[in-house]
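Asker: Encoded as C-alpha cells, here's the structure I'll be asking about.
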Amino acid sequence: MNQPFLIADVPSAARPAPAHLCPACASAVHSVLFAAGDRNFSTTARSFEIVECVDCRLIRLHPQPDPSELAALYPEGYWDAPEVTITDRLEQWYRRLVLSDHARFVERALIECEEPGLVLDVGCGAGLFLQKLRRRGALARPDAAGHPAQRAIAGVDFSLDAAVAAARNRVPAVCATLTHAPFAPASCAVITMFNVLEHLYDPARYLDAAHCLLARNGRLIVQVPNAACWQFLLMGERWSGLDVPRHLFHFRLSQLEALLGDCGFEILRTKHFSLRDNPAGLAASLAPALDPTVRRLRHVGESPRMRFFKDALYVALVAACVPPTLLEAACRAGSTVMLEARKKT
C-alpha cells in the first residue's frame, strides 16, 4: 500500500487552528469568497470554502483538512513522473529546462551570501531542482585549500515517496518536517522553499526552523502562488493556484513580507515571474484536462495518438500564455511571487 506521508511526523503544534479563528490575527470574522472542490485530481468529493479574514484579509481554505487526511489528498505518483515513453521523457526534459529560471535566482543568492554551507531544498519532491543546480555548476566552490570542490546539497520532504524519488535522481534527501530535520544550526548557506508554505498548517514554524538552520549571512528563497494576481481576480475558483484542498493558505505579497518579518527576516529581492509556473498555471486554469500531470495522475485512458494530440495542444496553450503572464508580472501582479531574504541584522 502506498503511504506517501509520515503522518506521525506532523507535530501537534502544527495541526489546524480552531476553524473559526484566523491563524494570522485570531479574528473570528471572515467572509466566504466561494466554494470549490478538487478540480485537478479529484482526490475527494468534499467541497471547501475559500474565505478571507475581515481584519487582516488573509485568504485560507475552510475547513482545513485534518492531518490524518493528508495522504489521501495527494494522488499516488504526485512527486515522481515516470520516463517510460518518448512523451514522458520530453515532459521531464521540459521540467528541467524551465527550472533554469529558479536556478538563476538561487545562483545569485549563493554568490552574494558568500557562505560555504549546505544548500537545502525544502519540499524537494523528486529532487529535480537540486539536480539542475548541480548540472549547471552552481555548486562548485573552492575548498579551504583552494582546490575545486562541490558544495553539499540535501533535500527534505515529509513524503517518503518524494525522498525515494530524489534518491533515484542521485539527490540526498531525508523524509522529515523541517522542524525535525537532522541538520545542525547555522549549517545552511541557502534554504529554498518552492511552493511549500501554502501547504502548511503553521508556516511560521517552518520559517523559524529555517532561521535557525541558516548561517549568519545565509539566504532564504521562498516562492508561493500570489493571491493578488490578475489570474485569481479574473478566474476565481477556477484559478489553478488555489489547488483545493492541498493549499491551505493564499498569500498576498504584503502578507508574505509581514510573515517573514515576524520570523526575523528582511527582504532583499522580489520576483513576480516564474517560467516554470506562471504560464503553465494559466494554462491549467483555462484547460485542466490538457495538463499532462493531471491526466497522468487521474489515470486518463488515452491512445498514443490522442496523448500526443493533447500534449501538443497543451504545449501550444502554455506558449500562448507566456505573453499575458509576462505582462501581469511586469505589473507586479504575477501568479507567483519569489523572494530572497536574510536574517535581520
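Chain labels run A, B, ... following the order of the C-alpha cells; each chain numbers its residues from 1, and ligands are numbered from 1 in the order shown.
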Could I get the residues of stretch 181-292 of chain A with an atom no further than 10 Å from an atom of stretch 32-51 of chain A, each paired with its nearest atom pair and that distance in Å to one decimal, using only C-alpha atoms, sorted by chain and residue number, as a tab-separated table?

Answerer:
residue	atom	partner	partner_atom	distance
A:Gly236	CA	A:Phe34	CA	8.1
A:Glu237	CA	A:Ala36	CA	6.2
A:Arg238	CA	A:Arg39	CA	7.9
A:Trp239	CA	A:Arg39	CA	9.7
A:Ser240	CA	A:Asn40	CA	8.1
A:Leu242	CA	A:Ile50	CA	8.8
A:Asp243	CA	A:Asp38	CA	7.0
A:Val244	CA	A:Asp38	CA	5.1
A:Pro245	CA	A:Asp38	CA	6.2
A:Arg246	CA	A:Asp38	CA	8.6
A:Leu248	CA	A:Ile50	CA	9.3
A:Phe249	CA	A:Ile50	CA	9.3
A:His250	CA	A:Ile50	CA	9.3
A:Ala284	CA	A:Asn40	CA	8.7
A:Ser285	CA	A:Asn40	CA	9.5
A:Pro288	CA	A:Asn40	CA	6.6
A:Ala289	CA	A:Asn40	CA	8.2
A:Asp291	CA	A:Asn40	CA	9.2

Asker: Just want the 12 Å neighbourhood of A:Leu327, counted on only C-alpha atoms, with same-chain residues fewer than 5 positions away dropped. Output as a VMD selection string.

Answerer: chain A and resid 229 to 231 272 to 273 278 to 279 321 to 322 332 to 335

Asker: Write a file of the just-selected residues containing N, CA and C atoms, as a short mmCIF file (atom, residue, chain, number, x, y, z; two decimals), in the first residue's frame.

Answerer:
data_model
loop_
_atom_site.label_atom_id
_atom_site.label_comp_id
_atom_site.auth_asym_id
_atom_site.auth_seq_id
_atom_site.Cartn_x
_atom_site.Cartn_y
_atom_site.Cartn_z
N CYS A 229 -2.84 38.23 -7.70
CA CYS A 229 -2.57 38.20 -9.14
C CYS A 229 -3.84 38.45 -9.95
N TRP A 230 -3.64 38.83 -11.19
CA TRP A 230 -4.77 39.06 -12.09
C TRP A 230 -5.54 37.77 -12.37
N GLN A 231 -4.82 36.66 -12.43
CA GLN A 231 -5.48 35.39 -12.73
C GLN A 231 -6.54 35.05 -11.69
N HIS A 272 8.28 38.35 -9.71
CA HIS A 272 6.87 38.04 -9.93
C HIS A 272 6.63 37.09 -11.11
N PHE A 273 7.68 36.61 -11.72
CA PHE A 273 7.50 35.71 -12.87
C PHE A 273 8.32 34.45 -12.68
N ASN A 278 4.21 30.28 -13.99
CA ASN A 278 3.18 31.24 -14.38
C ASN A 278 2.44 30.86 -15.66
N PRO A 279 3.16 30.60 -16.79
CA PRO A 279 2.40 30.21 -18.00
C PRO A 279 1.66 28.88 -17.83
N CYS A 321 0.31 31.40 -23.37
CA CYS A 321 0.12 32.03 -22.06
C CYS A 321 1.34 32.82 -21.61
N VAL A 322 2.46 32.70 -22.30
CA VAL A 322 3.67 33.42 -21.87
C VAL A 322 3.48 34.95 -21.94
N ARG A 332 3.60 43.69 -11.48
CA ARG A 332 3.70 43.19 -10.10
C ARG A 332 2.43 42.49 -9.67
N ALA A 333 1.80 41.78 -10.60
CA ALA A 333 0.59 41.04 -10.31
C ALA A 333 0.69 39.63 -10.88
N GLY A 334 1.93 39.08 -10.91
CA GLY A 334 2.13 37.74 -11.42
C GLY A 334 1.49 36.68 -10.54
N SER A 335 1.24 35.53 -11.10
CA SER A 335 0.53 34.48 -10.36
C SER A 335 1.40 33.76 -9.34
#

Asker: To one decimal place, how far is atom CA of A:Tyr201 from atom CA of A:Leu118 in Å?

Answerer: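 Atom-to-atom, atom CA of A:Tyr201 to atom CA of A:Leu118, that is 26.3 Å.
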
Asker: Can you pull out the residues contacting A:Leu260? Cut-off 9 Å, using only C-alpha atoms, and skip same-chain residues under 6 positions away; I want them as an MDAnalysis selection string.

Answerer: chainID A and resid 204 207 266:267 341

Asker: Taking into account only C-alpha atoms, which residue in the set A:Trp93, A:Phe105, A:Phe194, A:Tyr78 is nearest to A:Leu120?

Answerer: A:Phe194

Asker: With only C-alpha atoms as the basis for distance, which of A:Ala152, A:Asn195, A:Gln131, A:Ala184 is at the shortest distance from A:Arg170?

Answerer: A:Gln131

Asker: What does the distance between atom CA of A:Arg151 and atom CA of A:Gly264 come to in Å, to one decimal place?

Answerer: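 Atom-to-atom, atom CA of A:Arg151 to atom CA of A:Gly264, that is 25.9 Å.
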
Asker: Where does DSSP see alpha helix (DSSP H) in stretch 48-238 of chain A, if you list the residues as a VMD selection string?

Answerer: chain A and resid 70 to 73 86 to 98 100 to 113 128 to 135 160 to 168 203 to 213 230 to 235

Asker: Would you please extract all strand (DSSP E or B) residues from stretch 37-154 of chain A, as assigned by DSSP on the backbone, and give them as a PyMOL selection string?

Answerer: chain A and resi 48-53+59-62+118-122+140-142+148-150+153-154

Asker: Write the residues of the preceding selection, restricted to C-alpha atoms, as a PDB file, in the first residue's frame.

Answerer:
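Output saved as again.pdb:
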ATOM      1  CA  PHE A  48     -14.387  23.536   0.759  1.00  0.00           C
ATOM      2  CA  GLU A  49     -14.889  27.233   1.270  1.00  0.00           C
ATOM      3  CA  ILE A  50     -12.289  29.814   0.339  1.00  0.00           C
ATOM      4  CA  VAL A  51     -12.646  32.511   2.993  1.00  0.00           C
ATOM      5  CA  GLU A  52     -11.000  35.881   3.638  1.00  0.00           C
ATOM      6  CA  CYS A  53     -10.332  37.278   7.092  1.00  0.00           C
ATOM      7  CA  ILE A  59      -7.302  34.061   2.379  1.00  0.00           C
ATOM      8  CA  ARG A  60      -7.471  30.458   3.525  1.00  0.00           C
ATOM      9  CA  LEU A  61      -9.136  27.099   2.989  1.00  0.00           C
ATOM     10  CA  HIS A  62     -12.066  26.418   5.304  1.00  0.00           C
ATOM     11  CA  LEU A 118      24.690  23.398   2.684  1.00  0.00           C
ATOM     12  CA  VAL A 119      22.070  24.125   0.010  1.00  0.00           C
ATOM     13  CA  LEU A 120      18.842  22.698   1.430  1.00  0.00           C
ATOM     14  CA  ASP A 121      15.697  22.359  -0.707  1.00  0.00           C
ATOM     15  CA  VAL A 122      12.581  22.039   1.462  1.00  0.00           C
ATOM     16  CA  ALA A 140      31.253  24.461  -7.470  1.00  0.00           C
ATOM     17  CA  ARG A 141      33.377  26.399  -4.966  1.00  0.00           C
ATOM     18  CA  PRO A 142      36.997  26.144  -3.776  1.00  0.00           C
ATOM     19  CA  PRO A 148      37.854  22.725  -6.614  1.00  0.00           C
ATOM     20  CA  ALA A 149      35.048  21.238  -4.537  1.00  0.00           C
ATOM     21  CA  GLN A 150      31.306  20.713  -4.709  1.00  0.00           C
ATOM     22  CA  ILE A 153      23.219  19.662  -1.145  1.00  0.00           C
ATOM     23  CA  ALA A 154      20.261  17.959   0.523  1.00  0.00           C
TER      24      ALA A 154
END

Asker: Can you pull out every residue within 8 Å of A:Thr270, counting only C-alpha atoms, but drop anything in the same chain fewer than 6 positions away, and send it as a ChimeraX atom specification?

Answerer: /A:337-340

Asker: Let me see the file: selected residues, N, CA and C atoms, as a short mmCIF file (atom, residue, chain, number, x, y, z; two decimals), in the first residue's frame.

Answerer:
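And here is the file that came out, out.cif:
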data_model
loop_
_atom_site.label_atom_id
_atom_site.label_comp_id
_atom_site.auth_asym_id
_atom_site.auth_seq_id
_atom_site.Cartn_x
_atom_site.Cartn_y
_atom_site.Cartn_z
N VAL A 337 4.98 34.62 -6.63
CA VAL A 337 5.94 35.60 -6.14
C VAL A 337 7.08 34.84 -5.47
N MET A 338 8.31 35.23 -5.81
CA MET A 338 9.51 34.60 -5.26
C MET A 338 10.32 35.67 -4.53
N LEU A 339 10.77 35.36 -3.32
CA LEU A 339 11.51 36.31 -2.51
C LEU A 339 12.84 35.73 -2.07
N GLU A 340 13.84 36.59 -1.99
CA GLU A 340 15.09 36.27 -1.34
C GLU A 340 15.15 37.07 -0.05
#

Asker: Any idea what's packed within 8 Å of A:Thr179, counting only C-alpha atoms, ignoring anything in its chain fewer than 5 positions away? Could you give it as a PyMOL selection string?

Answerer: chain A and resi 205-206+209

Asker: Can you pull out the residues contacting A:Ala215? Cut-off 10 Å, using only C-alpha atoms, and skip same-chain residues under 2 positions away; I want them as a PDB file with C-alpha atoms, in the first residue's frame.

Answerer:
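Below you can see out.pdb, which holds the result:
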ATOM      1  CA  CYS A 113      25.893  35.404   0.549  1.00  0.00           C
ATOM      2  CA  GLU A 115      28.600  31.291   2.897  1.00  0.00           C
ATOM      3  CA  PRO A 116      30.199  27.835   2.489  1.00  0.00           C
ATOM      4  CA  GLY A 117      27.357  25.772   3.922  1.00  0.00           C
ATOM      5  CA  LEU A 118      24.690  23.398   2.684  1.00  0.00           C
ATOM      6  CA  PRO A 185      22.018  25.070  13.430  1.00  0.00           C
ATOM      7  CA  ALA A 186      23.684  27.645  11.157  1.00  0.00           C
ATOM      8  CA  SER A 187      24.794  24.901   8.749  1.00  0.00           C
ATOM      9  CA  CYS A 188      22.942  26.114   5.620  1.00  0.00           C
ATOM     10  CA  ALA A 189      24.082  28.729   3.119  1.00  0.00           C
ATOM     11  CA  VAL A 190      20.761  28.716   1.246  1.00  0.00           C
ATOM     12  CA  ALA A 210      14.876  27.948   8.570  1.00  0.00           C
ATOM     13  CA  HIS A 211      16.073  30.951  10.574  1.00  0.00           C
ATOM     14  CA  CYS A 212      17.806  28.581  12.994  1.00  0.00           C
ATOM     15  CA  LEU A 213      19.405  26.482  10.241  1.00  0.00           C
ATOM     16  CA  ASN A 217      24.624  35.671   6.108  1.00  0.00           C
ATOM     17  CA  GLY A 218      22.653  32.786   4.613  1.00  0.00           C
ATOM     18  CA  ARG A 219      19.722  33.216   2.261  1.00  0.00           C
ATOM     19  CA  ARG A 342      18.239  37.002   5.003  1.00  0.00           C
ATOM     20  CA  LYS A 343      18.330  37.242   8.760  1.00  0.00           C
TER      21      LYS A 343
END

Asker: Kindly give the distance, in Å, that separates atom CA of A:Arg305 and atom CA of A:Ala287, rounded to a single decimal.

Answerer: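 Value for the atom CA of A:Arg305-atom CA of A:Ala287 distance: 19.2 Å.
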
Asker: Show me, as a list in words, the residues that have an atom within 10 Å of A:Pro292 when counting only C-alpha atoms, minus same-chain residues fewer than 2 positions from it.

Answerer: Thr87, Asp88, Glu91, Ala284, Pro288, Ala289, Leu290, Val294, Arg295, Arg296, Leu297, Arg298, Val300, Arg307, Lys310, Asp311, Tyr314 and Val315 of chain A

Asker: Could you take the residues named above and write them with C-alpha atoms, as a short mmCIF file (atom, residue, chain, number, x, y, z; two decimals), in the first residue's frame?

Answerer:
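Final file, out.cif:
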data_model
loop_
_atom_site.label_atom_id
_atom_site.label_comp_id
_atom_site.auth_asym_id
_atom_site.auth_seq_id
_atom_site.Cartn_x
_atom_site.Cartn_y
_atom_site.Cartn_z
CA THR A 87 6.45 11.82 -24.38
CA ASP A 88 7.36 11.12 -20.74
CA GLU A 91 7.92 16.18 -20.32
CA ALA A 284 -4.05 24.72 -16.17
CA PRO A 288 -7.00 21.50 -16.69
CA ALA A 289 -7.95 18.45 -18.75
CA LEU A 290 -4.98 19.12 -21.07
CA VAL A 294 -3.36 15.98 -14.24
CA ARG A 295 -4.04 13.39 -16.92
CA ARG A 296 -1.29 11.09 -15.64
CA LEU A 297 -2.37 11.25 -12.00
CA ARG A 298 -6.04 10.83 -12.85
CA VAL A 300 -6.95 9.10 -18.05
CA ARG A 307 -1.97 11.58 -25.91
CA LYS A 310 -3.39 16.60 -26.20
CA ASP A 311 0.26 17.18 -25.32
CA TYR A 314 -1.06 21.83 -24.09
CA VAL A 315 2.38 22.99 -25.28
#
